[in-house]
Every structure is written in C-alpha cells, then in structure tokens.
$ cat work-v2.txt   # compact mmCIF, C-alpha atoms and all ligand atoms
# COMPACT_ATOMS: atom_id res chain seq x y z
CA MET A 209 -8.35 -9.39 -7.07
CA LYS A 210 -8.00 -7.33 -3.90
CA VAL A 211 -5.08 -4.88 -4.15
CA VAL A 212 -3.59 -3.61 -0.88
CA GLN A 213 -0.61 -1.38 -0.15
CA CYS A 214 1.18 -0.04 2.90
CA TRP A 215 3.77 2.68 3.50
CA ASP A 216 6.24 2.87 6.35
CA ASP A 217 7.71 5.49 8.69
CA GLY A 218 5.21 8.38 8.45
CA VAL A 219 7.39 10.79 6.50
CA ILE A 220 6.34 14.11 5.04
CA THR A 221 6.31 12.77 1.46
CA ASP A 222 3.29 10.66 2.52
CA GLY A 223 1.28 13.83 1.84
CA ARG A 224 2.17 13.78 -1.86
CA LEU A 225 1.31 10.08 -2.05
CA ILE A 226 -2.03 10.61 -0.34
CA ASP A 227 -2.99 13.29 -2.90
CA ILE A 228 -2.38 10.70 -5.65
CA LEU A 229 -4.32 7.98 -3.82
CA ARG A 230 -7.27 10.32 -3.27
CA ARG A 231 -7.32 11.31 -6.97
CA HIS A 232 -7.68 7.65 -7.96
CA GLY A 233 -9.81 6.30 -5.12
CA ALA A 234 -7.03 4.02 -3.80
CA LYS A 235 -6.82 2.67 -0.25
CA ALA A 236 -3.63 2.33 1.80
CA THR A 237 -2.33 1.64 5.29
CA PHE A 238 0.36 3.86 6.86
CA ASN A 239 2.73 2.33 9.43
CA LEU A 240 3.75 5.08 11.83
CA ASN A 241 6.32 5.67 14.61
CA PRO A 242 4.64 8.36 16.76
CA GLY A 243 7.69 8.58 19.04
CA LEU A 244 9.75 9.96 16.15
CA MET A 245 7.27 12.74 15.35
CA ASP A 246 7.37 16.11 17.08
CA PRO A 247 4.17 16.93 18.98
CA GLU A 248 3.76 20.28 17.22
CA LYS A 249 6.34 20.96 14.55
CA ARG A 250 6.67 19.41 11.10
CA GLY A 251 10.05 18.54 9.65
CA GLY A 252 9.67 21.93 7.97
CA CYS A 253 10.39 20.90 4.41
CA ALA A 254 10.54 17.57 2.71
CA TRP A 255 14.32 17.50 2.53
CA ARG A 256 16.96 18.34 5.08
CA LYS A 257 20.66 18.28 4.42
CA GLN A 258 22.60 15.49 6.05
CA GLY A 259 23.44 16.24 9.65
CA GLU A 260 20.46 18.49 10.29
CA GLY A 261 18.11 15.62 11.06
CA THR A 262 18.45 12.50 13.10
CA TRP A 263 17.85 10.19 10.16
CA ASN A 264 19.05 10.18 6.54
CA HIS A 265 18.40 8.36 3.31
CA ASN A 266 20.40 8.19 0.07
CA PHE A 267 22.19 11.09 -1.58
CA GLY A 268 22.84 12.86 1.70
CA PHE A 269 19.25 13.97 2.10
CA GLY A 270 16.92 13.12 4.94
CA VAL A 271 13.19 13.41 4.85
CA GLY A 272 11.17 15.42 7.35
CA LYS A 273 8.30 14.16 9.44
CA PHE A 274 4.78 15.36 10.00
CA SER A 275 3.93 16.45 13.51
CA LEU A 276 1.69 14.36 15.75
CA ARG A 277 -0.89 17.12 15.46
CA ASP A 278 -0.97 16.61 11.66
CA ILE A 279 -1.90 12.92 11.82
CA PRO A 280 -5.73 13.17 11.95
CA GLU A 281 -5.98 15.50 8.96
CA ILE A 282 -3.17 14.16 6.77
CA TYR A 283 -4.12 10.49 7.08
CA SER A 284 -7.88 11.00 7.23
CA GLY A 285 -9.71 8.12 5.53
CA PHE A 286 -6.66 5.81 5.49
CA GLU A 287 -5.78 2.95 7.82
CA LEU A 288 -3.02 3.47 10.39
CA ALA A 289 -0.86 0.74 11.92
CA SER A 290 1.93 0.41 14.46
CA HIS A 291 5.54 0.41 13.27
CA CYS A 292 6.77 0.65 16.90
CA TRP A 293 7.03 3.84 18.95
CA ARG A 294 10.52 4.78 17.75
CA HIS A 295 11.12 2.15 15.02
CA GLU A 296 12.76 -0.31 17.42
CA ASN A 297 13.90 -3.51 15.68
CA ALA A 298 12.75 -6.77 17.26
CA GLY A 299 15.64 -8.28 19.22
CA SER A 300 17.47 -4.94 19.60
CA ILE A 301 15.97 -4.34 23.06
CA PRO A 302 14.45 -6.72 25.63
CA ASP A 303 11.18 -8.24 24.36
CA ALA A 304 9.14 -6.70 27.19
CA GLU A 305 10.31 -3.22 26.17
CA TRP A 306 9.82 -4.01 22.52
CA ILE A 307 6.17 -5.06 22.86
CA LYS A 308 5.53 -1.92 24.93
CA SER A 309 6.87 0.11 22.00
CA ALA A 310 4.64 -1.76 19.52
CA MET A 311 1.60 -1.31 21.80
CA ASP A 312 2.31 2.33 22.67
CA ALA A 313 2.25 3.22 18.95
CA ARG A 314 -0.94 1.22 18.45
CA LYS A 315 -2.75 2.80 21.43
CA PHE A 316 -1.67 6.28 20.37
CA LEU A 317 -3.09 5.73 16.87
CA GLU A 318 -6.27 4.09 18.18
CA ASP A 319 -6.89 7.16 20.33
CA ILE A 320 -6.69 9.32 17.22
CA VAL A 321 -8.84 7.24 14.87
CA GLN A 322 -11.16 5.85 17.58
CA LYS A 323 -11.11 2.34 16.16
CA PRO A 324 -8.85 -0.72 16.46
CA CYS A 325 -5.47 -0.56 14.68
CA ARG A 326 -4.49 -4.23 14.67
CA GLY A 327 -1.96 -4.04 11.86
CA PHE A 328 1.79 -4.05 12.26
CA ALA A 329 4.86 -3.67 10.06
CA TRP A 330 8.20 -4.98 11.34
CA PRO A 331 10.82 -2.20 11.62
CA CYS A 332 13.56 -3.07 9.09
CA GLY A 333 11.69 -6.32 8.43
CA VAL A 334 13.25 -7.93 11.53
CA SER A 335 11.18 -10.38 13.57
CA THR A 336 11.92 -13.05 16.18
CA GLN A 337 9.74 -15.94 17.36
CA GLY A 338 9.45 -14.31 20.80
CA THR A 339 8.18 -11.01 19.41
CA ILE A 340 5.83 -12.78 16.96
CA ASP A 341 4.29 -14.56 19.97
CA LEU A 342 4.00 -11.27 21.87
CA LEU A 343 2.21 -9.57 18.97
CA ARG A 344 -0.26 -12.46 18.85
CA GLU A 345 -0.86 -12.39 22.63
CA ASN A 346 -1.55 -8.66 22.36
CA GLY A 347 -4.16 -9.02 19.64
CA PHE A 348 -2.30 -7.88 16.53
CA ALA A 349 -3.84 -9.33 13.35
CA TYR A 350 -0.81 -9.31 11.05
CA GLY A 351 2.83 -8.21 10.88
CA ARG A 352 4.29 -7.38 7.48
CA THR A 353 7.85 -8.48 6.77
CA THR A 354 10.06 -7.43 3.84
CA GLN A 355 9.86 -10.92 2.26
CA ASN A 356 8.31 -11.37 -1.20
CA THR A 357 5.89 -14.09 -2.25
CA TYR A 358 3.87 -14.90 -5.37
CA ASP A 359 0.87 -15.93 -3.26
CA VAL A 360 0.18 -13.80 -0.18
CA ARG A 361 -2.52 -16.26 0.99
CA ASP A 362 0.11 -18.99 1.29
CA CYS A 363 0.99 -17.81 4.79
CA ASP A 364 0.95 -19.98 7.91
CA GLU A 365 1.87 -17.08 10.21
CA PRO A 366 -0.05 -13.81 9.63
CA LEU A 367 2.30 -12.12 12.11
CA ALA A 368 5.16 -12.77 9.67
CA LEU A 369 3.28 -11.85 6.51
CA ALA A 370 5.09 -11.57 3.17
CA SER A 371 3.87 -9.12 0.53
CA ASN A 372 4.10 -9.65 -3.23
CA CYS A 373 6.81 -7.02 -3.60
CA HIS A 374 8.18 -3.58 -2.92
CA PHE A 375 6.70 -0.87 -5.17
CA LYS A 376 10.01 -0.38 -7.00
CA ASP A 377 10.49 -4.10 -7.71
CA PRO A 378 11.43 -4.47 -11.40
CA GLY A 379 9.07 -7.47 -11.52
CA PHE A 380 6.13 -5.48 -10.14
CA TRP A 381 3.79 -5.98 -13.12
CA ASP A 382 4.78 -9.62 -13.61
CA ARG A 383 3.95 -10.25 -9.95
CA TYR A 384 0.76 -8.23 -10.31
CA SER A 385 -0.51 -10.33 -13.21
CA LYS A 386 0.50 -13.61 -11.54
CA ALA A 387 -1.28 -12.54 -8.34
CA LYS A 388 -4.57 -12.37 -10.22
CA ALA A 389 -4.80 -16.16 -9.89
CA THR A 390 -4.48 -15.82 -6.08
CA GLY A 391 -7.01 -13.04 -5.49
CA VAL A 392 -4.60 -10.75 -3.58
CA PHE A 393 -1.82 -8.37 -4.58
CA TYR A 394 0.09 -6.59 -1.80
CA PHE A 395 2.88 -4.05 -2.26
CA TRP A 396 4.68 -1.68 0.11
CA GLY A 397 7.33 1.03 0.27
CA HIS A 398 8.49 4.29 1.80
CA THR A 399 7.37 7.50 0.12
CA TYR A 400 10.82 9.03 0.70
CA GLU A 401 12.09 6.57 -1.93
CA MET A 402 10.55 8.83 -4.58
CA TYR A 403 12.61 11.68 -3.15
CA GLN A 404 11.84 15.00 -4.75
CA TYR A 405 11.85 13.53 -8.27
CA ASP A 406 8.74 14.42 -10.24
CA ASP A 407 9.28 11.70 -12.85
CA MET A 408 9.16 9.00 -10.16
CA TRP A 409 5.99 10.48 -8.74
CA ASP A 410 4.42 10.67 -12.21
CA SER A 411 5.26 7.05 -12.89
CA PHE A 412 3.86 6.06 -9.50
CA GLU A 413 0.63 7.92 -10.28
CA SER A 414 0.39 5.98 -13.57
CA MET A 415 0.69 2.72 -11.61
CA ILE A 416 -2.09 3.72 -9.24
CA LYS A 417 -4.31 4.86 -12.11
CA TYR A 418 -3.70 1.60 -13.99
CA ILE A 419 -4.76 -0.44 -10.96
CA SER A 420 -7.80 1.76 -10.29
CA ASP A 421 -8.87 1.34 -13.93
CA ASP A 422 -8.26 -2.44 -13.99
CA PRO A 423 -11.66 -4.20 -13.96
CA ASP A 424 -10.01 -7.22 -12.26
CA ALA A 425 -8.71 -5.13 -9.34
CA GLU A 426 -10.44 -3.73 -6.28
CA TRP A 427 -8.61 -1.65 -3.63
CA ALA A 428 -8.82 -3.01 -0.08
CA ASP A 429 -7.12 -2.38 3.25
CA VAL A 430 -4.42 -4.78 4.43
CA ILE A 431 -6.50 -5.78 7.47
CA ASN A 432 -9.21 -7.05 5.07
CA ILE A 433 -7.00 -9.72 3.53
CA VAL A 434 -6.16 -11.39 6.86
CA PRO A 435 -9.15 -13.79 6.73
CA MET A 436 -7.88 -15.00 3.31
CA LEU A 437 -4.53 -16.19 4.74
CA ARG A 438 -4.04 -19.92 5.24
CA GLY A 439 -2.82 -19.49 8.81
CA ALA A 440 -5.55 -17.04 9.88
ZN ZN B 1 10.42 1.53 8.87
$ encode --input "work-v2.txt" --output "structure tokens"
Amino acid sequence: MKVVQCWDDGVITDGRLIDILRRHGAKATFNLNPGLMDPEKRGGCAWRKQGEGTWNHNFGFGVGKFSLRDIPEIYSGFELASHCWRHENAGSIPDAEWIKSAMDARKFLEDIVQKPCRGFAWPCGVSTQGTIDLLRENGFAYGRTTQNTYDVRDCDEPLALASNCHFKDPGFWDRYSKAKATGVFYFWGHTYEMYQYDDMWDSFESMIKYISDDPDAEWADVINIVPMLRGA
C-alpha cells in the first residue's frame, strides 16, 4: 500500500514534523501560501498571543510562519504544492483572481524547487465547479478537499480529491487497515494542531514509525497516486 500525507498552511511547526519524518524516512507534501510568509523574517517563535498575529487557532494562540527565505532549506527533499497565494477560498473572489492566486503560489514554489509543482489543496476545503475547471485548464494534477473516503482511488475528479482522513481522526487506524485492500492510504492535517504539546508530537511520531515499519506500507508522494485514480 502506498501511504501519502500532506500538511497545509506552511506554519513554523512544520519544522518539528519534518524532523520526525526525516528520522523515519517518511515522505510528505506541504501546501504553502507564499503570500502569507514574510520575505525575510520568521514568525519568531512557534506561538504568539492572540492579537499579535493576523491569524489565530484554538486556545488564543496563533502559530508563526517561516520566512520565504527559509523555504528551500526547511522543506528540502519534500514536495511542495500550491494552497493559493494568501489562502483565498474558491468563490470568495472572482474566479480570474482566484486562479491567479493559485498559479502565483505554484510558480513561486516551482522557481524554488526547479521542478513542476502540480499539486493543490483547497483552502478551507472549498471548491466550485468553475475553479475546478480552471485548475484543470492550468495543468494542476489534483486538488485535495477535506472530504473523507475509504477508497481514494474511487475518484472521478482528481481536482476534487478526497483523502482517507485527517491525522487526528479517531478512526485513523481502522481506515488505515481498510485502505490496505485499495492500495492507497492518504491523510492530511496542519502541524499547528499539535500545538506545543509534547505528548501529541510523541504520539504522532509513533504513528509515523508504525507506518515506516509496516511491511505492507511504502511512503509515496501525493502526486504519485494520481495515475491510480479512476478519473485520472
Ligand atoms: Zn489551509
């Protein structure tokens, strides 16, 4: 079974995740919004009190961002994909502006990694038929939604691709074992969801180690499963 994962928003806690992935030889794709990253300065620390940043998550904390200058080193060896320039939801702005945002992020990342970045993750999981068509016309290979499925291959529209589950799904291991019959297991998340809590990070590392040690599993990049989709 090919196991693929992707992580959204390019937040500073991605660094801690990447250390874990490197320790266990795991692959991953990171869906970035370059327009929300400072050219030079990092968020400073992982956690900012509410009000100090432009964006916040639970418990009144907001997570910092890497700088654009950090991208090549931090994400070296991992796949990068567009998550729009400034995380614009499909339908929230005119479609012509929206596809420019999706493409600007892609071109920016392609300039850094010097190879095609044809992946996409829908900001907030929101898609419309018009923006799906625009992604296809502009050569994107897939667009990950926030929908769950038991069989990732059972997908007529790769630009509205469901994963098996979010990494904190209580049914994660049930879905993982059921996915063995399909040949693909795909999970996703945001690294800020593990906050600054060491026990969550430890349990995440155990998950990654389990998968790396599983003789039935083989890490792959999301882009590699596209040819296995029914609608590809
Ligand atoms: Zn996002």
$ residues_near_ligand --input "work-v2.txt" --ligand "ligand ZN 1 (chain B)" --cutoff "6 Å" --atoms "all atoms listed in the file" --output "count of residues only"
4
$ atom_distance --input "work-v2.txt" --atom1 "atom CA of Asp246 of chain A" --atom2 "atom CA of Gly272 of chain A"
10.5 Å
$ residues_around --input "work-v2.txt" --residues "Cys292 of chain A" --least-positions-apart "6" --cutoff "7 Å" --atoms "all atoms listed in the file" --output "list in words"
Asn241, Ser309, Ala310 and Ala313 of chain A
$ residues_around --input "work-v2.txt" --residues "Gly233 of chain A" --least-positions-apart "5" --cutoff "12 Å" --atoms "only C-alpha atoms" --output "ChimeraX atom specification"
/A:226-228,285-286,413,416-421,426-428
$ atom_distance --input "work-v2.txt" --atom1 "atom CA of His291 of chain A" --atom2 "atom CA of Asn239 of chain A"
5.1 Å
$ residues_around --input "work-v2.txt" --residues "Asp341 of chain A" --least-positions-apart "3" --cutoff "12 Å" --atoms "all atoms listed in the file" --output "compact mmCIF listing (two decimals) with C-alpha atoms, in the frame of the given file"
# COMPACT_ATOMS: atom_id res chain seq x y z
CA ALA A 298 12.75 -6.77 17.26
CA ASP A 303 11.18 -8.24 24.36
CA ALA A 304 9.14 -6.70 27.19
CA ILE A 307 6.17 -5.06 22.86
CA SER A 335 11.18 -10.38 13.57
CA THR A 336 11.92 -13.05 16.18
CA GLN A 337 9.74 -15.94 17.36
CA GLY A 338 9.45 -14.31 20.80
CA ARG A 344 -0.26 -12.46 18.85
CA GLU A 345 -0.86 -12.39 22.63
CA ASN A 346 -1.55 -8.66 22.36
CA GLY A 347 -4.16 -9.02 19.64
CA PHE A 348 -2.30 -7.88 16.53
CA ALA A 349 -3.84 -9.33 13.35
CA TYR A 350 -0.81 -9.31 11.05
CA GLY A 351 2.83 -8.21 10.88
CA GLU A 365 1.87 -17.08 10.21
CA PRO A 366 -0.05 -13.81 9.63
CA LEU A 367 2.30 -12.12 12.11
CA ALA A 368 5.16 -12.77 9.67
$ atom_distance --input "work-v2.txt" --atom1 "atom CA of Ser275 of chain A" --atom2 "atom CA of Gly251 of chain A"
7.5 Å
$ decode --input "work-v2.txt" --residues "segment 331-342 of chain A" --atoms "N, CA and C atoms" --output "PDB file, in the first residue's frame"
ATOM      1  N   PRO A 331      -8.036  25.751  -0.123  1.00  0.00           N
ATOM      2  CA  PRO A 331      -8.129  26.479   1.146  1.00  0.00           C
ATOM      3  C   PRO A 331      -9.505  26.258   1.791  1.00  0.00           C
ATOM      4  N   CYS A 332      -9.489  25.850   3.044  1.00  0.00           N
ATOM      5  CA  CYS A 332     -10.703  25.538   3.824  1.00  0.00           C
ATOM      6  C   CYS A 332     -11.560  24.459   3.155  1.00  0.00           C
ATOM      7  N   GLY A 333     -10.977  23.711   2.227  1.00  0.00           N
ATOM      8  CA  GLY A 333     -11.715  22.616   1.590  1.00  0.00           C
ATOM      9  C   GLY A 333     -12.777  23.070   0.602  1.00  0.00           C
ATOM     10  N   VAL A 334     -12.828  24.381   0.295  1.00  0.00           N
ATOM     11  CA  VAL A 334     -13.917  24.916  -0.532  1.00  0.00           C
ATOM     12  C   VAL A 334     -13.539  24.872  -2.010  1.00  0.00           C
ATOM     13  N   SER A 335     -14.392  24.238  -2.822  1.00  0.00           N
ATOM     14  CA  SER A 335     -14.183  24.265  -4.274  1.00  0.00           C
ATOM     15  C   SER A 335     -15.497  24.626  -4.961  1.00  0.00           C
ATOM     16  N   THR A 336     -15.395  25.067  -6.211  1.00  0.00           N
ATOM     17  CA  THR A 336     -16.574  25.309  -7.043  1.00  0.00           C
ATOM     18  C   THR A 336     -16.295  24.662  -8.399  1.00  0.00           C
ATOM     19  N   GLN A 337     -17.329  24.387  -9.177  1.00  0.00           N
ATOM     20  CA  GLN A 337     -17.095  23.770 -10.485  1.00  0.00           C
ATOM     21  C   GLN A 337     -16.221  24.679 -11.355  1.00  0.00           C
ATOM     22  N   GLY A 338     -16.474  25.998 -11.278  1.00  0.00           N
ATOM     23  CA  GLY A 338     -15.690  26.930 -12.103  1.00  0.00           C
ATOM     24  C   GLY A 338     -14.210  26.889 -11.761  1.00  0.00           C
ATOM     25  N   THR A 339     -13.885  26.831 -10.472  1.00  0.00           N
ATOM     26  CA  THR A 339     -12.461  26.826 -10.098  1.00  0.00           C
ATOM     27  C   THR A 339     -11.830  25.450 -10.339  1.00  0.00           C
ATOM     28  N   ILE A 340     -12.614  24.382 -10.218  1.00  0.00           N
ATOM     29  CA  ILE A 340     -12.101  23.046 -10.599  1.00  0.00           C
ATOM     30  C   ILE A 340     -11.689  23.070 -12.074  1.00  0.00           C
ATOM     31  N   ASP A 341     -12.557  23.621 -12.921  1.00  0.00           N
ATOM     32  CA  ASP A 341     -12.256  23.683 -14.358  1.00  0.00           C
ATOM     33  C   ASP A 341     -10.997  24.522 -14.613  1.00  0.00           C
ATOM     34  N   LEU A 342     -10.864  25.633 -13.878  1.00  0.00           N
ATOM     35  CA  LEU A 342      -9.686  26.489 -14.066  1.00  0.00           C
ATOM     36  C   LEU A 342      -8.398  25.777 -13.639  1.00  0.00           C
TER      37      LEU A 342
END
